[in-house]
Amino acid sequence: MTTLASPFVPKRCIQEASDADEHAQNLTRWQQEYDQLSPGCFYGRLDEVALDTMQVFKEHTGQALRQQCRVWPESLWIGIPLDSQGSRINGQTLNKGEVMCRPGGQDFELITPEAFDIYGLVIQLPALATAAKQQGVTLDTDWHLMPRRRAANETLSAVTFLIERLLSSQTLAIASHIHQDILLMALLELLQIEQPSAEPPPSYAHRKGVVDRVKHHVNEHLSGPVTMEELCQLTHVSRRTLQYSFNSIVGISPLQFLRLTRLNRVRRALRGATPDQSVTEIATYWGFWHLGQFAHDYKQQFGECPSHTLNAPPPARLA
């Protein structure tokens with residue numbers, strides 16, 4: 001990690017991780033939890049610059065993920081994927097030419113594909129309001145309602161160019177307020193000119209409600225298996241509707257969701273285990289009774305044996 005501590009220049013850091021949830025904790029001031037969806041070893045990289053009233057970053061994640069996110073309060077986050085294909089925000093598929101947009105202090109969910117890269121920009125709301133007033137700009141008031149926004153190609157190109165230039169600079173010699181002013185102008189253009197994407201169809205709310213009820217139930221019953229019949233009774237829908245709801249909102253089947261959620265919970269438990277805990281104890285606590293099958297599934301999903309995760313030294317924290 002490289003850090004410049006002068007008050008006249010931005011602070012920059014680069015962090016890498018080999019575990020999805022470890023990577024989730026590296027983004028400053030965010031509250032996040034990542035579940036790995038695709039099988040294989042994970043690699044993540046985060047390039048971040050902290051300005052006085054703004055956070056700018058570029059994130060790479062090698063595996064498909066389900067991300068539970070919350071950015072710091074009194075802020076606005078704009079996420080600009082390099083390629084929107086295969087990504088969802090709050091169950092809504094991101095289309096080409098759209099960006100993600102969420103206010104701080106509110107939970108949201110991202111589904112991201114393998115080899116995913118995204119630019120992120122977080123601005124303090126008072127700073128955004130002040131800049132808009134100074135420039136005589138009337139901001140679109142729908143940004144906090146709609147998780148997706150349309151954006152012109154030239155606007156996105158300009159914003160990503162500015163972010164990339166800031167992140168890749170070797171000297172960061174320009175004063176912090178100069179960086180902020182340049183990025184604020186691009187952000188104001190995005191929030192002023194572009195219109196929110198069309199509202200999702202009426203069926204979206206029902207499908208998302210079904211998925212949310214299952215998530216809540218699973219979070220309270222992770223230590224034992226949950227059957228499809230139980231989930232159908234819980235949500236008052238047929239197997240077909242349950243299947244369609246998960247495929248459209250999360251991008252995976254209900255059975256895949258249940259299996260991957262429990263495997264990711266086991267991985268977190270193994271990484272945070274005390275010296276007297278064993279793989280068997282942790283696996284059975286989370287409802288994996290066939291230990292041979294569990295070990296096979298775990299290695300296929302994360303690229304290493306459960307015992308390796310348990311015995312690995314804790315990740316080094318870069319100051």
# chains A, B, ... in the order shown; residues from 1 in each chain; ligands from 1
>>> residues_around(residues="stretch 213-215 of chain A", least_positions_apart="5", cutoff="8 Å", atoms="only C-alpha atoms", output="list in words")
Leu231, Leu234 and Thr235 of chain A
>>> closest_residue(among="A:Ala295, A:Leu65, A:Leu94, A:Ala283", to="A:Arg150", atoms="only C-alpha atoms")
A:Leu94
>>> select_by_dssp(residues="stretch 90-308 of chain A", states="helix (DSSP H, G or I)", output="PyMOL selection string")
chain A and resi 125-135+153-168+176-193+202-220+228-235+239-249+254-271+279-285+291-302+306-308
>>> residues_around(residues="A:Trp77", least_positions_apart="4", cutoff="6 Å", atoms="only C-alpha atoms", output="list of chain:residue names")
A:Cys101, A:Arg102, A:Leu121, A:Val122
>>> closest_residue(among="A:Leu260, A:Cys13, A:Val250, A:Ile89", to="A:Pro200", atoms="only C-alpha atoms")
A:Ile89
>>> select_by_dssp(residues="stretch 10-95 of chain A", states="strand (DSSP E)", output="number ranges by chain")
A: 11-17, 31-36, 44-50, 54-61, 65-70, 75-81, 88-89, 92-93
>>> atom_distance(atom1="atom CA of A:Arg207", atom2="atom CA of A:Gln92")
10.9 Å
>>> atom_distance(atom1="atom CA of A:Leu37", atom2="atom CA of A:His236")
26.7 Å
>>> residues_around(residues="A:Thr61", least_positions_apart="2", cutoff="6 Å", atoms="only C-alpha atoms", output="JSON list (two decimals) with N, CA and C atoms, in the first residue's frame")
[["chain", "number", "residue", "atom", "x", "y", "z"],
["A", 44, "GLY", "N", -9.00, -10.23, -5.28],
["A", 44, "GLY", "CA", -9.60, -8.91, -5.35],
["A", 44, "GLY", "C", -8.55, -7.83, -5.19],
["A", 63, "GLN", "N", -14.15, -13.38, -8.83],
["A", 63, "GLN", "CA", -15.24, -14.35, -8.83],
["A", 63, "GLN", "C", -16.60, -13.63, -8.75],
["A", 115, "ALA", "N", -14.68, -11.71, -12.91],
["A", 115, "ALA", "CA", -13.79, -10.73, -13.53],
["A", 115, "ALA", "C", -14.51, -9.38, -13.70],
["A", 116, "PHE", "N", -14.99, -8.86, -12.58],
["A", 116, "PHE", "CA", -15.81, -7.64, -12.58],
["A", 116, "PHE", "C", -14.97, -6.46, -12.13]]
>>> residues_around(residues="A:Arg29", least_positions_apart="6", cutoff="12 Å", atoms="only C-alpha atoms", output="list in words")
Glu48, Ala50, Met54, Gln55, Cys69, Arg70, Val71, Trp72, Pro73, Ser75, Gly104, Gly105 and Val122 of chain A
>>> atom_distance(atom1="atom CA of A:Ser84", atom2="atom CA of A:Lys96")
5.9 Å
>>> residues_around(residues="A:Phe302", least_positions_apart="5", cutoff="9 Å", atoms="only C-alpha atoms", output="compact mmCIF listing (two decimals) with N, CA, C and O atoms, in the first residue's frame")
# COMPACT_ATOMS: atom_id res chain seq x y z
N ASP A 19 -9.47 -13.56 -0.28
CA ASP A 19 -10.74 -14.01 0.27
C ASP A 19 -11.77 -12.93 0.01
O ASP A 19 -11.51 -11.74 0.22
N GLN A 36 -19.19 -15.52 -2.04
CA GLN A 36 -18.66 -15.95 -3.33
C GLN A 36 -19.63 -16.93 -3.98
O GLN A 36 -20.01 -17.94 -3.40
N SER A 38 -19.29 -18.01 -7.64
CA SER A 38 -18.65 -18.88 -8.63
C SER A 38 -17.50 -19.64 -7.98
O SER A 38 -16.88 -19.17 -7.02
N PRO A 39 -17.20 -20.86 -8.49
CA PRO A 39 -16.15 -21.68 -7.86
C PRO A 39 -14.75 -21.26 -8.28
O PRO A 39 -14.53 -20.81 -9.40
N GLY A 40 -13.80 -21.42 -7.36
CA GLY A 40 -12.41 -21.15 -7.67
C GLY A 40 -11.78 -20.23 -6.65
O GLY A 40 -12.43 -19.68 -5.77
N CYS A 41 -10.46 -20.05 -6.76
CA CYS A 41 -9.73 -19.16 -5.87
C CYS A 41 -10.13 -17.71 -6.14
O CYS A 41 -10.35 -17.31 -7.29
N PHE A 42 -10.21 -16.93 -5.09
CA PHE A 42 -10.63 -15.53 -5.20
C PHE A 42 -9.41 -14.61 -5.26
O PHE A 42 -8.41 -14.84 -4.57
N ARG A 267 -17.05 -20.64 5.69
CA ARG A 267 -15.73 -20.04 5.43
C ARG A 267 -15.44 -18.91 6.41
O ARG A 267 -14.34 -18.80 6.93
N ASP A 297 -17.12 -30.13 -1.77
CA ASP A 297 -17.83 -28.93 -2.22
C ASP A 297 -17.08 -27.66 -1.83
O ASP A 297 -17.04 -26.70 -2.60
>>> closest_residue(among="A:Ile78, A:Asp83, A:Val218, A:Ala205", to="A:Val159", atoms="only C-alpha atoms")
A:Ile78
>>> residues_around(residues="stretch 202-204 of chain A", least_positions_apart="6", cutoff="12 Å", atoms="only C-alpha atoms", output="PyMOL selection string")
chain A and resi 90-93+210-212+241+244-250
>>> write_last_selection(atoms="all heavy atoms", output="JSON list (two decimals), in the first residue's frame")
[["chain", "number", "residue", "atom", "x", "y", "z"],
["A", 90, "ASN", "N", -30.07, -4.52, -6.27],
["A", 90, "ASN", "CA", -31.39, -4.76, -5.65],
["A", 90, "ASN", "C", -32.30, -5.58, -6.57],
["A", 90, "ASN", "O", -33.50, -5.31, -6.68],
["A", 90, "ASN", "CB", -32.05, -3.44, -5.28],
["A", 90, "ASN", "CG", -31.40, -2.80, -4.06],
["A", 90, "ASN", "OD1", -30.59, -3.42, -3.39],
["A", 90, "ASN", "ND2", -31.74, -1.55, -3.80],
["A", 91, "GLY", "N", -31.73, -6.56, -7.24],
["A", 91, "GLY", "CA", -32.51, -7.45, -8.10],
["A", 91, "GLY", "C", -32.83, -6.90, -9.46],
["A", 91, "GLY", "O", -33.48, -7.59, -10.26],
["A", 92, "GLN", "N", -32.39, -5.68, -9.78],
["A", 92, "GLN", "CA", -32.65, -5.09, -11.08],
["A", 92, "GLN", "C", -31.41, -5.23, -11.97],
["A", 92, "GLN", "O", -30.31, -4.83, -11.58],
["A", 92, "GLN", "CB", -33.02, -3.61, -10.94],
["A", 92, "GLN", "CG", -34.27, -3.37, -10.13],
["A", 92, "GLN", "CD", -34.66, -1.91, -10.06],
["A", 92, "GLN", "OE1", -34.35, -1.12, -10.95],
["A", 92, "GLN", "NE2", -35.36, -1.52, -8.99],
["A", 93, "THR", "N", -31.61, -5.80, -13.15],
["A", 93, "THR", "CA", -30.50, -6.01, -14.07],
["A", 93, "THR", "C", -29.99, -4.68, -14.60],
["A", 93, "THR", "O", -30.77, -3.83, -15.05],
["A", 93, "THR", "CB", -30.94, -6.90, -15.25],
["A", 93, "THR", "OG1", -31.38, -8.16, -14.73],
["A", 93, "THR", "CG2", -29.80, -7.13, -16.21],
["A", 210, "VAL", "N", -40.60, -12.15, -2.47],
["A", 210, "VAL", "CA", -40.41, -13.59, -2.26],
["A", 210, "VAL", "C", -38.97, -13.89, -1.86],
["A", 210, "VAL", "O", -38.70, -14.61, -0.89],
["A", 210, "VAL", "CB", -40.78, -14.37, -3.54],
["A", 210, "VAL", "CG1", -40.32, -15.83, -3.44],
["A", 210, "VAL", "CG2", -42.29, -14.31, -3.79],
["A", 211, "VAL", "N", -38.02, -13.33, -2.59],
["A", 211, "VAL", "CA", -36.60, -13.56, -2.32],
["A", 211, "VAL", "C", -36.23, -13.01, -0.94],
["A", 211, "VAL", "O", -35.50, -13.65, -0.18],
["A", 211, "VAL", "CB", -35.73, -12.93, -3.42],
["A", 211, "VAL", "CG1", -34.25, -13.00, -3.04],
["A", 211, "VAL", "CG2", -35.96, -13.64, -4.75],
["A", 212, "ASP", "N", -36.71, -11.82, -0.61],
["A", 212, "ASP", "CA", -36.37, -11.21, 0.67],
["A", 212, "ASP", "C", -36.89, -12.04, 1.85],
["A", 212, "ASP", "O", -36.22, -12.16, 2.88],
["A", 212, "ASP", "CB", -36.92, -9.79, 0.75],
["A", 212, "ASP", "CG", -36.16, -8.80, -0.13],
["A", 212, "ASP", "OD1", -35.05, -9.16, -0.57],
["A", 212, "ASP", "OD2", -36.68, -7.70, -0.37],
["A", 241, "THR", "N", -42.72, -20.49, -9.30],
["A", 241, "THR", "CA", -42.62, -19.06, -9.00],
["A", 241, "THR", "C", -41.39, -18.77, -8.13],
["A", 241, "THR", "O", -40.69, -17.77, -8.33],
["A", 241, "THR", "CB", -43.88, -18.57, -8.29],
["A", 241, "THR", "OG1", -45.01, -18.78, -9.14],
["A", 241, "THR", "CG2", -43.78, -17.10, -7.92],
["A", 244, "TYR", "N", -38.39, -18.93, -10.45],
["A", 244, "TYR", "CA", -38.32, -17.78, -11.33],
["A", 244, "TYR", "C", -37.94, -16.52, -10.55],
["A", 244, "TYR", "O", -37.17, -15.68, -11.05],
["A", 244, "TYR", "CB", -39.68, -17.56, -12.01],
["A", 244, "TYR", "CG", -39.68, -16.39, -12.97],
["A", 244, "TYR", "CD1", -39.00, -16.45, -14.18],
["A", 244, "TYR", "CD2", -40.35, -15.21, -12.64],
["A", 244, "TYR", "CE1", -38.98, -15.37, -15.04],
["A", 244, "TYR", "CE2", -40.34, -14.12, -13.49],
["A", 244, "TYR", "CZ", -39.66, -14.21, -14.69],
["A", 244, "TYR", "OH", -39.64, -13.14, -15.55],
["A", 245, "SER", "N", -38.44, -16.38, -9.34],
["A", 245, "SER", "CA", -38.12, -15.21, -8.53],
["A", 245, "SER", "C", -36.62, -15.13, -8.25],
["A", 245, "SER", "O", -36.00, -14.08, -8.38],
["A", 245, "SER", "CB", -38.91, -15.24, -7.21],
["A", 245, "SER", "OG", -40.29, -15.16, -7.44],
["A", 246, "PHE", "N", -36.01, -16.26, -7.88],
["A", 246, "PHE", "CA", -34.58, -16.25, -7.58],
["A", 246, "PHE", "C", -33.75, -16.05, -8.85],
["A", 246, "PHE", "O", -32.76, -15.31, -8.84],
["A", 246, "PHE", "CB", -34.17, -17.55, -6.87],
["A", 246, "PHE", "CG", -34.19, -17.43, -5.38],
["A", 246, "PHE", "CD1", -35.36, -17.65, -4.68],
["A", 246, "PHE", "CD2", -33.06, -17.07, -4.68],
["A", 246, "PHE", "CE1", -35.40, -17.52, -3.30],
["A", 246, "PHE", "CE2", -33.08, -16.94, -3.31],
["A", 246, "PHE", "CZ", -34.25, -17.17, -2.60],
["A", 247, "ASN", "N", -34.15, -16.69, -9.94],
["A", 247, "ASN", "CA", -33.37, -16.53, -11.18],
["A", 247, "ASN", "C", -33.40, -15.09, -11.67],
["A", 247, "ASN", "O", -32.40, -14.58, -12.19],
["A", 247, "ASN", "CB", -33.92, -17.45, -12.26],
["A", 247, "ASN", "CG", -33.52, -18.90, -12.04],
["A", 247, "ASN", "OD1", -32.53, -19.18, -11.36],
["A", 247, "ASN", "ND2", -34.28, -19.83, -12.58],
["A", 248, "SER", "N", -34.53, -14.39, -11.50],
["A", 248, "SER", "CA", -34.64, -13.03, -12.00],
["A", 248, "SER", "C", -34.04, -11.99, -11.06],
["A", 248, "SER", "O", -33.51, -10.98, -11.50],
["A", 248, "SER", "CB", -36.11, -12.68, -12.28],
["A", 248, "SER", "OG", -36.87, -12.75, -11.09],
["A", 249, "ILE", "N", -34.10, -12.24, -9.75],
["A", 249, "ILE", "CA", -33.60, -11.26, -8.78],
["A", 249, "ILE", "C", -32.14, -11.49, -8.42],
["A", 249, "ILE", "O", -31.34, -10.53, -8.34],
["A", 249, "ILE", "CB", -34.47, -11.29, -7.49],
["A", 249, "ILE", "CG1", -35.92, -10.91, -7.82],
["A", 249, "ILE", "CG2", -33.90, -10.36, -6.43],
["A", 249, "ILE", "CD1", -36.09, -9.50, -8.34],
["A", 250, "VAL", "N", -31.75, -12.73, -8.19],
["A", 250, "VAL", "CA", -30.40, -13.05, -7.74],
["A", 250, "VAL", "C", -29.54, -13.64, -8.85],
["A", 250, "VAL", "O", -28.31, -13.55, -8.82],
["A", 250, "VAL", "CB", -30.43, -14.00, -6.53],
["A", 250, "VAL", "CG1", -29.06, -14.18, -5.92],
["A", 250, "VAL", "CG2", -31.40, -13.49, -5.46]]
>>> closest_residue(among="A:Leu125, A:Leu139, A:Glu304, A:Met228", to="A:Gln256", atoms="only C-alpha atoms")
A:Met228
